[in-house]
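Working notes for the structure below.
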Amino acid sequence: MSAAVVTAEVAYVLRLADDALVLAQRLAGQLTRAPQLEEDVALSNIALDLLGQARPLLTRAGELEGAGRSEDDLAYLREERAFLNCQLVEVPERDFAETIARQLLFSCYQLPLYRVLATSTDEVVAGVAEKGAKEVDYHRDHAVQWTLRLGDGTDESHRRMQAALERLWPYADELFESDDVTRAAAASGLGVDPAGLRAGWDADVDAVLAEATLTRPQPVRRATGGRRGVHTEAMGYLLAEMQHLHRSHPGATW
Amino acid sequence: MPDPEVPVLTIADLGVLRAVEEDGGRLRVTVTPTYSGCPAMDAIRDDVVRALAAEGFGDVEVVTVLSPAWTTAWMSDEGRRKLAAYGIAPPQRRADGPVLVALSVRCPQCGSPRTRELARFGSTSCKALRQCEDCREPFDHFKDH
């Protein structure tokens with residue numbers, strides 16, 4: 001196996017892990033800020049599921065890399081440019097509608113992705129995906145229920161839900177971008193080329209938006225770069241919060 | 001061994017304990033998490049090692065497997081009875097038998113089928129919060145998963 005293939009494998013698994021890890025961190029940051037107590041519980045439950053998916057994936061990426069890095073090393077000691085999550089999961093939300101909009105866009109992508117990855121040639125990826133698909137199905141349903149409630153709710157909730165979609169839509173394209181890493185993963189059976197998930201995602205999301213009386217945005221720009229380690233301004237702040245304790249007190253445990 | 005979050009159930013009742021094998025004097029215990037991020041998994045692993053050590057088994061390996069993914073269909077009948085008696089409505093799906101749809105969740109306090117969901121996510125990942133329309137008691141429902 002050439003070094004380039006190993007690198008692509010590691011990158012592919014890191015992308016999966018970092019999406020879950022960074023979104024878990026974002027959702028955990030919403031704790032106590034949801035509109036109702038039950039929603040705080042829901043968002044923290046979802047964050048916990050995602051964190052649980054990220055951990056074995058990070059461990060696996062470390063094994064594939066073969067440089068002795070643990071899940072903690074990868075989560076807490078990488079620099080911003082080494083994180084390969086999509087930008088959608090790192091964008092900070094400004095209100096609850098944006099939290100829900102992101103959950104809708106992301107879980108409608110992650111659910112079919114995990115369903116396919118359940119047959120990955122990599123046992124860890126397949127195991128996480130098989131289990132994760134059941135969890136993400138629930139996350140997606142939660143996001144759909146709220147999208148309907150906010151979109152088809154009051155004038156104010158409709159306005160804010162539509163605004164949330166407009167803000168986050170430019171980040172959606174990145175989820176489906178093909179590059180050398182996804183093509184190598186698809187060729188080896190480790191992963192899938194996400195471009196093939198686009199049509200299903202469009203149909204799924206469009207149906208929800210129609211029922212919620214929301215309009216599909218027509219963005220004039222596309223945000224991309226996360227898969228190559230290029231992030232938004234918000235990413236550094238997110239990592240500072242996530243990594244501060246571990247870096248200040250190496251080896252600290254509960 | 002009781003589950004740390006739902007102590008009325010053992011980890012065998014719950015289906016979290018998958019296998020116990022002996023391999024040349026070493027015990028290998030296989031467990032599977034209910035949910036990926038279940039925070040009780042570390043406590044379960046520690047409890048297994050401690051319980052076996054107390055019984056004289058010093059060489060113990062606890063292995064976590066993700067696949068096949070845990071499902072509430074693995075919960076034992078005994079476990080379902082214990083949950084209901086504890087005040088938590090048990091999951092409905094079973095490993096054998098037909099798949100039943102649109103069943104109402106019965107109130108574990110008064111037995112009424114007239115209950116409604118208050119929140120899809122409850123006190124732990126595996127539970128949702130419901131309320132009985134007759135006796136008005138809120139209760140946890142162990143979700144089908």
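Each chain in the structure tokens gets a letter, A, B, ..., in the order shown, and its residues are numbered from 1; ligands are numbered from 1 in order too.
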Task: Spatial neighbours of Ala69 in chain B, max dist 10 Å, only C-alpha atoms, sep filter under 4 positions, as a count of residues only - done: 15
- [ ] Using only C-alpha atoms, determine which residues of chain A fall within 6 Å of chain B; present them as a list of chain:residue names.
- [x] A:Ala42, A:Asn45, A:Leu48, A:Asp49, A:Gly52, A:Gln53, A:Gly127, A:Lys131
Once you have the residues from the selection above, write them out as a PDB file, in the first residue's frame, restricted to all heavy atoms.
ATOM      1  N   ALA A  42     -32.810  17.437  24.423  1.00  0.00           N
ATOM      2  CA  ALA A  42     -32.735  16.837  23.091  1.00  0.00           C
ATOM      3  C   ALA A  42     -31.398  17.157  22.416  1.00  0.00           C
ATOM      4  O   ALA A  42     -30.720  16.263  21.910  1.00  0.00           O
ATOM      5  CB  ALA A  42     -33.891  17.343  22.221  1.00  0.00           C
ATOM      6  N   ASN A  45     -28.572  15.321  23.986  1.00  0.00           N
ATOM      7  CA  ASN A  45     -28.614  13.909  23.610  1.00  0.00           C
ATOM      8  C   ASN A  45     -28.032  13.702  22.215  1.00  0.00           C
ATOM      9  O   ASN A  45     -27.275  12.757  21.969  1.00  0.00           O
ATOM     10  CB  ASN A  45     -30.058  13.396  23.594  1.00  0.00           C
ATOM     11  CG  ASN A  45     -30.476  12.738  24.895  1.00  0.00           C
ATOM     12  OD1 ASN A  45     -30.035  11.637  25.206  1.00  0.00           O
ATOM     13  ND2 ASN A  45     -31.303  13.399  25.664  1.00  0.00           N
ATOM     14  N   LEU A  48     -24.335  14.083  22.291  1.00  0.00           N
ATOM     15  CA  LEU A  48     -23.707  12.903  22.887  1.00  0.00           C
ATOM     16  C   LEU A  48     -23.611  11.758  21.876  1.00  0.00           C
ATOM     17  O   LEU A  48     -22.597  11.069  21.789  1.00  0.00           O
ATOM     18  CB  LEU A  48     -24.541  12.475  24.093  1.00  0.00           C
ATOM     19  CG  LEU A  48     -23.877  11.701  25.213  1.00  0.00           C
ATOM     20  CD1 LEU A  48     -22.611  12.381  25.687  1.00  0.00           C
ATOM     21  CD2 LEU A  48     -24.857  11.551  26.370  1.00  0.00           C
ATOM     22  N   ASP A  49     -24.674  11.561  21.097  1.00  0.00           N
ATOM     23  CA  ASP A  49     -24.627  10.540  20.045  1.00  0.00           C
ATOM     24  C   ASP A  49     -23.465  10.821  19.085  1.00  0.00           C
ATOM     25  O   ASP A  49     -22.702   9.929  18.724  1.00  0.00           O
ATOM     26  CB  ASP A  49     -25.925  10.540  19.217  1.00  0.00           C
ATOM     27  CG  ASP A  49     -27.107   9.908  19.954  1.00  0.00           C
ATOM     28  OD1 ASP A  49     -26.886   9.172  20.930  1.00  0.00           O
ATOM     29  OD2 ASP A  49     -28.260  10.151  19.524  1.00  0.00           O
ATOM     30  N   GLY A  52     -20.162  10.207  20.554  1.00  0.00           N
ATOM     31  CA  GLY A  52     -19.951   8.762  20.623  1.00  0.00           C
ATOM     32  C   GLY A  52     -19.564   8.169  19.277  1.00  0.00           C
ATOM     33  O   GLY A  52     -18.822   7.197  19.206  1.00  0.00           O
ATOM     34  N   GLN A  53     -20.054   8.769  18.194  1.00  0.00           N
ATOM     35  CA  GLN A  53     -19.660   8.309  16.854  1.00  0.00           C
ATOM     36  C   GLN A  53     -18.239   8.765  16.537  1.00  0.00           C
ATOM     37  O   GLN A  53     -17.455   8.041  15.917  1.00  0.00           O
ATOM     38  CB  GLN A  53     -20.630   8.861  15.800  1.00  0.00           C
ATOM     39  CG  GLN A  53     -22.054   8.312  15.920  1.00  0.00           C
ATOM     40  CD  GLN A  53     -23.081   9.210  15.236  1.00  0.00           C
ATOM     41  OE1 GLN A  53     -22.738  10.048  14.406  1.00  0.00           O
ATOM     42  NE2 GLN A  53     -24.350   9.034  15.586  1.00  0.00           N
ATOM     43  N   GLY A 127     -19.173  -0.417  11.662  1.00  0.00           N
ATOM     44  CA  GLY A 127     -19.835  -0.541  12.969  1.00  0.00           C
ATOM     45  C   GLY A 127     -20.413   0.783  13.443  1.00  0.00           C
ATOM     46  O   GLY A 127     -21.556   0.849  13.903  1.00  0.00           O
ATOM     47  N   LYS A 131     -24.595   1.557  13.631  1.00  0.00           N
ATOM     48  CA  LYS A 131     -25.186   2.024  14.877  1.00  0.00           C
ATOM     49  C   LYS A 131     -25.643   3.476  14.752  1.00  0.00           C
ATOM     50  O   LYS A 131     -26.736   3.846  15.185  1.00  0.00           O
ATOM     51  CB  LYS A 131     -24.147   1.881  15.987  1.00  0.00           C
ATOM     52  CG  LYS A 131     -24.640   2.264  17.330  1.00  0.00           C
ATOM     53  CD  LYS A 131     -23.981   1.476  18.433  1.00  0.00           C
ATOM     54  CE  LYS A 131     -24.807   1.544  19.687  1.00  0.00           C
ATOM     55  NZ  LYS A 131     -26.140   0.986  19.509  1.00  0.00           N
TER      56      LYS A 131
END
Long-range neighbours of Glu78 in chain B as a short mmCIF file (atom, residue, chain, number, x, y, z; two decimals) with all heavy atoms, in the first residue's frame, 10 Å cut-off, only C-alpha atoms, 2 positions minimum in chain:
data_model
loop_
_atom_site.label_atom_id
_atom_site.label_comp_id
_atom_site.auth_asym_id
_atom_site.auth_seq_id
_atom_site.Cartn_x
_atom_site.Cartn_y
_atom_site.Cartn_z
N LEU B 9 -32.53 -2.91 36.08
CA LEU B 9 -32.19 -3.92 35.07
C LEU B 9 -30.73 -4.35 35.22
O LEU B 9 -29.88 -3.55 35.57
CB LEU B 9 -32.33 -3.34 33.66
CG LEU B 9 -33.71 -2.93 33.18
CD1 LEU B 9 -33.62 -2.44 31.74
CD2 LEU B 9 -34.68 -4.09 33.29
N ASP B 13 -30.25 -8.25 31.18
CA ASP B 13 -31.66 -7.93 30.85
C ASP B 13 -31.72 -6.95 29.69
O ASP B 13 -32.57 -7.03 28.81
CB ASP B 13 -32.36 -7.23 32.04
CG ASP B 13 -32.65 -8.19 33.19
OD1 ASP B 13 -32.80 -9.39 32.93
OD2 ASP B 13 -32.73 -7.70 34.33
N LEU B 14 -30.82 -5.98 29.73
CA LEU B 14 -30.82 -4.88 28.79
C LEU B 14 -30.31 -5.31 27.41
O LEU B 14 -30.59 -4.65 26.40
CB LEU B 14 -29.93 -3.76 29.35
CG LEU B 14 -30.05 -2.34 28.91
CD1 LEU B 14 -31.48 -1.85 28.92
CD2 LEU B 14 -29.21 -1.45 29.82
N MET B 75 -33.96 -6.85 24.60
CA MET B 75 -34.29 -6.77 26.02
C MET B 75 -35.14 -7.98 26.41
O MET B 75 -36.09 -8.33 25.73
CB MET B 75 -35.04 -5.47 26.33
CG MET B 75 -35.20 -5.24 27.82
SD MET B 75 -36.15 -3.75 28.17
CE MET B 75 -35.00 -2.50 27.63
N SER B 76 -34.77 -8.60 27.51
CA SER B 76 -35.47 -9.82 27.93
C SER B 76 -36.87 -9.51 28.43
O SER B 76 -37.18 -8.38 28.83
CB SER B 76 -34.67 -10.51 29.03
OG SER B 76 -34.67 -9.71 30.20
N ARG B 80 -38.33 -6.40 30.65
CA ARG B 80 -39.52 -5.58 30.36
C ARG B 80 -40.45 -5.51 31.57
O ARG B 80 -40.99 -4.46 31.90
CB ARG B 80 -40.27 -6.15 29.14
CG ARG B 80 -39.54 -5.92 27.83
CD ARG B 80 -40.08 -6.82 26.72
NE ARG B 80 -39.04 -7.04 25.73
CZ ARG B 80 -38.91 -6.33 24.60
NH1 ARG B 80 -39.77 -5.40 24.29
NH2 ARG B 80 -37.91 -6.57 23.78
N ARG B 81 -40.61 -6.65 32.23
CA ARG B 81 -41.47 -6.67 33.44
C ARG B 81 -40.89 -5.79 34.53
O ARG B 81 -41.59 -5.01 35.17
CB ARG B 81 -41.60 -8.11 33.95
CG ARG B 81 -42.73 -8.90 33.30
CD ARG B 81 -43.02 -10.19 34.07
NE ARG B 81 -41.92 -11.13 34.05
CZ ARG B 81 -41.68 -11.98 33.03
NH1 ARG B 81 -42.46 -11.98 31.97
NH2 ARG B 81 -40.65 -12.81 33.08
N LYS B 82 -39.57 -5.90 34.72
CA LYS B 82 -38.91 -5.11 35.77
C LYS B 82 -39.03 -3.61 35.48
O LYS B 82 -39.26 -2.81 36.37
CB LYS B 82 -37.43 -5.48 35.86
CG LYS B 82 -37.14 -6.83 36.48
CD LYS B 82 -35.63 -6.94 36.61
CE LYS B 82 -35.14 -8.36 36.71
NZ LYS B 82 -33.68 -8.43 36.50
N LEU B 83 -38.86 -3.25 34.20
CA LEU B 83 -38.95 -1.83 33.83
C LEU B 83 -40.33 -1.28 34.16
O LEU B 83 -40.47 -0.21 34.77
CB LEU B 83 -38.73 -1.66 32.33
CG LEU B 83 -37.36 -1.30 31.78
CD1 LEU B 83 -37.49 -0.94 30.31
CD2 LEU B 83 -36.71 -0.15 32.53
#
Open item on the list: When DSSP is applied to the backbone of this structure, which of chain B are assigned strand (DSSP E)? Write them out as a ChimeraX atom specification.
Closed with: /B:17-23,26-31,60-64,88-89,115-119,127-132,138-142
If you run DSSP on the backbone here, which positions in range 20-133 of chain B get alpha helix (DSSP H)? Please write them as a short mmCIF file (atom, residue, chain, number, x, y, z; two decimals) with N, CA, C and O atoms, in the first residue's frame.
data_model
loop_
_atom_site.label_atom_id
_atom_site.label_comp_id
_atom_site.auth_asym_id
_atom_site.auth_seq_id
_atom_site.Cartn_x
_atom_site.Cartn_y
_atom_site.Cartn_z
N MET B 41 -21.11 3.62 29.62
CA MET B 41 -20.26 2.51 29.17
C MET B 41 -18.98 2.36 29.98
O MET B 41 -18.57 1.25 30.30
N ASP B 42 -18.34 3.48 30.32
CA ASP B 42 -17.11 3.38 31.12
C ASP B 42 -17.42 2.78 32.48
O ASP B 42 -16.68 1.94 32.98
N ALA B 43 -18.54 3.22 33.07
CA ALA B 43 -18.94 2.69 34.39
C ALA B 43 -19.25 1.20 34.28
O ALA B 43 -18.89 0.42 35.17
N ILE B 44 -19.89 0.79 33.18
CA ILE B 44 -20.21 -0.62 33.01
C ILE B 44 -18.93 -1.45 32.91
O ILE B 44 -18.80 -2.49 33.57
N ARG B 45 -17.98 -0.99 32.11
CA ARG B 45 -16.71 -1.73 31.98
C ARG B 45 -16.02 -1.86 33.33
O ARG B 45 -15.56 -2.94 33.71
N ASP B 46 -15.98 -0.74 34.09
CA ASP B 46 -15.34 -0.78 35.41
C ASP B 46 -16.08 -1.72 36.34
O ASP B 46 -15.47 -2.48 37.10
N ASP B 47 -17.42 -1.67 36.30
CA ASP B 47 -18.22 -2.52 37.19
C ASP B 47 -18.01 -4.00 36.89
O ASP B 47 -17.94 -4.83 37.79
N VAL B 48 -17.91 -4.34 35.60
CA VAL B 48 -17.69 -5.74 35.20
C VAL B 48 -16.36 -6.23 35.77
O VAL B 48 -16.29 -7.30 36.38
N VAL B 49 -15.32 -5.43 35.59
CA VAL B 49 -13.99 -5.83 36.07
C VAL B 49 -14.01 -5.98 37.58
O VAL B 49 -13.50 -6.96 38.14
N ARG B 50 -14.68 -5.05 38.26
CA ARG B 50 -14.72 -5.08 39.73
C ARG B 50 -15.51 -6.29 40.22
O ARG B 50 -15.08 -7.00 41.14
N ALA B 51 -16.67 -6.53 39.59
CA ALA B 51 -17.52 -7.65 40.03
C ALA B 51 -16.80 -8.98 39.82
O ALA B 51 -16.86 -9.87 40.67
N LEU B 52 -16.10 -9.11 38.71
CA LEU B 52 -15.40 -10.37 38.43
C LEU B 52 -14.20 -10.53 39.35
O LEU B 52 -13.89 -11.64 39.80
N ALA B 53 -13.53 -9.42 39.65
CA ALA B 53 -12.39 -9.48 40.58
C ALA B 53 -12.86 -9.96 41.94
O ALA B 53 -12.19 -10.77 42.61
N ALA B 54 -14.03 -9.49 42.37
CA ALA B 54 -14.58 -9.90 43.68
C ALA B 54 -14.90 -11.39 43.70
O ALA B 54 -14.91 -12.02 44.77
N ASP B 77 -37.74 -10.53 28.41
CA ASP B 77 -39.09 -10.36 28.96
C ASP B 77 -39.03 -9.99 30.42
O ASP B 77 -39.80 -9.15 30.91
N GLU B 78 -38.11 -10.63 31.12
CA GLU B 78 -37.90 -10.32 32.54
C GLU B 78 -37.54 -8.83 32.69
O GLU B 78 -38.07 -8.13 33.55
N GLY B 79 -36.67 -8.35 31.79
CA GLY B 79 -36.28 -6.95 31.83
C GLY B 79 -37.46 -6.03 31.59
O GLY B 79 -37.62 -5.00 32.25
N ARG B 80 -38.33 -6.40 30.65
CA ARG B 80 -39.52 -5.58 30.36
C ARG B 80 -40.45 -5.51 31.57
O ARG B 80 -40.99 -4.46 31.90
N ARG B 81 -40.61 -6.65 32.23
CA ARG B 81 -41.47 -6.67 33.44
C ARG B 81 -40.89 -5.79 34.53
O ARG B 81 -41.59 -5.01 35.17
N LYS B 82 -39.57 -5.90 34.72
CA LYS B 82 -38.91 -5.11 35.77
C LYS B 82 -39.03 -3.61 35.48
O LYS B 82 -39.26 -2.81 36.37
N LEU B 83 -38.86 -3.25 34.20
CA LEU B 83 -38.95 -1.83 33.83
C LEU B 83 -40.33 -1.28 34.16
O LEU B 83 -40.47 -0.21 34.77
N ALA B 84 -41.38 -2.01 33.74
CA ALA B 84 -42.75 -1.55 33.96
C ALA B 84 -43.02 -1.41 35.46
O ALA B 84 -43.63 -0.43 35.91
N ALA B 85 -42.55 -2.39 36.25
CA ALA B 85 -42.77 -2.34 37.69
C ALA B 85 -42.04 -1.15 38.32
O ALA B 85 -42.45 -0.61 39.33
N TYR B 86 -40.95 -0.72 37.67
CA TYR B 86 -40.13 0.38 38.17
C TYR B 86 -40.73 1.73 37.78
O TYR B 86 -40.31 2.78 38.26
#
Task: One-decimal distance in Å that lies between CA of Glu98 in chain A and CA of Ala163 in chain A - done: 8.2 Å
Task: Surrounding residues of Ala11 in chain A excluding itself and chain neighbours under 3 positions, 9 Å, only C-alpha atoms, as a ChimeraX atom specification - done: /A:6-8,14-16,61,84,181,227
TODO: Determine, counting only C-alpha atoms, which protein, DNA and RNA residues have an atom within 8 Å of an atom of range 107-124 of chain A; residues of the same chain fewer than 2 positions away are not included. Present the result as number ranges by chain.
DONE: A: 56-57, 60, 103-105, 126-130, 132-133, 136-137, 139-140, 175, 188-192, 194, 197, 201, 204-205
Deliver the residues from the most recent selection as a file, using N, CA and C atoms, as an mmCIF file, in the first residue's frame.
data_model
loop_
_atom_site.group_PDB
_atom_site.id
_atom_site.type_symbol
_atom_site.label_atom_id
_atom_site.label_comp_id
_atom_site.auth_asym_id
_atom_site.auth_seq_id
_atom_site.Cartn_x
_atom_site.Cartn_y
_atom_site.Cartn_z
ATOM 1 N N PRO A 56 -14.722 6.466 18.305
ATOM 2 C CA PRO A 56 -14.073 5.310 17.658
ATOM 3 C C PRO A 56 -13.503 5.648 16.280
ATOM 4 N N LEU A 57 -14.112 6.650 15.594
ATOM 5 C CA LEU A 57 -13.581 7.043 14.284
ATOM 6 C C LEU A 57 -12.212 7.717 14.433
ATOM 7 N N ARG A 60 -9.734 5.080 15.156
ATOM 8 C CA ARG A 60 -9.442 4.342 13.924
ATOM 9 C C ARG A 60 -8.522 5.146 13.008
ATOM 10 N N GLN A 103 -29.241 21.213 11.667
ATOM 11 C CA GLN A 103 -29.554 19.806 11.961
ATOM 12 C C GLN A 103 -30.289 19.156 10.800
ATOM 13 N N LEU A 104 -31.171 19.932 10.165
ATOM 14 C CA LEU A 104 -31.914 19.391 9.022
ATOM 15 C C LEU A 104 -30.970 19.100 7.855
ATOM 16 N N LEU A 105 -30.166 20.123 7.473
ATOM 17 C CA LEU A 105 -29.282 19.956 6.319
ATOM 18 C C LEU A 105 -28.274 18.843 6.572
ATOM 19 N N ALA A 126 -17.793 0.671 9.468
ATOM 20 C CA ALA A 126 -19.072 -0.013 9.273
ATOM 21 C C ALA A 126 -19.856 -0.100 10.587
ATOM 22 N N GLY A 127 -19.173 -0.417 11.662
ATOM 23 C CA GLY A 127 -19.835 -0.541 12.969
ATOM 24 C C GLY A 127 -20.413 0.783 13.443
ATOM 25 N N VAL A 128 -19.614 1.849 13.346
ATOM 26 C CA VAL A 128 -20.088 3.181 13.757
ATOM 27 C C VAL A 128 -21.279 3.592 12.897
ATOM 28 N N ALA A 129 -21.184 3.318 11.600
ATOM 29 C CA ALA A 129 -22.236 3.751 10.681
ATOM 30 C C ALA A 129 -23.532 2.973 10.905
ATOM 31 N N GLU A 130 -23.415 1.674 11.115
ATOM 32 C CA GLU A 130 -24.616 0.857 11.332
ATOM 33 C C GLU A 130 -25.363 1.343 12.575
ATOM 34 N N GLY A 132 -24.766 4.301 14.152
ATOM 35 C CA GLY A 132 -25.049 5.727 14.035
ATOM 36 C C GLY A 132 -26.287 6.010 13.190
ATOM 37 N N ALA A 133 -26.542 5.180 12.180
ATOM 38 C CA ALA A 133 -27.698 5.424 11.313
ATOM 39 C C ALA A 133 -28.994 5.409 12.112
ATOM 40 N N VAL A 136 -29.020 8.766 13.957
ATOM 41 C CA VAL A 136 -29.199 9.926 13.087
ATOM 42 C C VAL A 136 -30.613 9.963 12.503
ATOM 43 N N ASP A 137 -31.218 8.792 12.339
ATOM 44 C CA ASP A 137 -32.607 8.735 11.895
ATOM 45 C C ASP A 137 -33.479 9.549 12.879
ATOM 46 N N HIS A 139 -32.282 11.915 14.900
ATOM 47 C CA HIS A 139 -31.868 13.330 14.814
ATOM 48 C C HIS A 139 -32.598 14.023 13.653
ATOM 49 N N ARG A 140 -32.663 13.293 12.535
ATOM 50 C CA ARG A 140 -33.317 13.852 11.358
ATOM 51 C C ARG A 140 -34.792 14.102 11.643
ATOM 52 N N LEU A 175 -20.813 19.385 1.299
ATOM 53 C CA LEU A 175 -21.085 18.021 1.759
ATOM 54 C C LEU A 175 -20.947 17.012 0.623
ATOM 55 N N SER A 188 -11.817 1.891 -2.899
ATOM 56 C CA SER A 188 -11.341 0.814 -2.021
ATOM 57 C C SER A 188 -12.476 0.160 -1.240
ATOM 58 N N GLY A 189 -13.654 0.781 -1.251
ATOM 59 C CA GLY A 189 -14.767 0.230 -0.475
ATOM 60 C C GLY A 189 -14.803 0.747 0.953
ATOM 61 N N LEU A 190 -13.815 1.594 1.314
ATOM 62 C CA LEU A 190 -13.812 2.188 2.649
ATOM 63 C C LEU A 190 -14.991 3.144 2.803
ATOM 64 N N GLY A 191 -15.248 3.911 1.746
ATOM 65 C CA GLY A 191 -16.273 4.940 1.865
ATOM 66 C C GLY A 191 -17.071 5.112 0.586
ATOM 67 N N VAL A 192 -17.707 6.266 0.465
ATOM 68 C CA VAL A 192 -18.511 6.525 -0.718
ATOM 69 C C VAL A 192 -18.166 7.896 -1.285
ATOM 70 N N PRO A 194 -19.532 11.218 -2.090
ATOM 71 C CA PRO A 194 -20.763 11.860 -1.622
ATOM 72 C C PRO A 194 -21.597 12.498 -2.732
ATOM 73 N N LEU A 197 -24.931 11.156 -3.326
ATOM 74 C CA LEU A 197 -25.993 11.319 -2.317
ATOM 75 C C LEU A 197 -26.815 12.583 -2.562
ATOM 76 N N TRP A 201 -30.703 13.751 -1.314
ATOM 77 C CA TRP A 201 -30.743 14.828 -0.311
ATOM 78 C C TRP A 201 -31.668 15.949 -0.787
ATOM 79 N N ASP A 204 -35.249 14.852 -0.464
ATOM 80 C CA ASP A 204 -35.623 14.736 0.946
ATOM 81 C C ASP A 204 -35.864 16.119 1.560
ATOM 82 N N VAL A 205 -34.883 17.005 1.406
ATOM 83 C CA VAL A 205 -34.978 18.341 2.008
ATOM 84 C C VAL A 205 -36.095 19.160 1.348
#
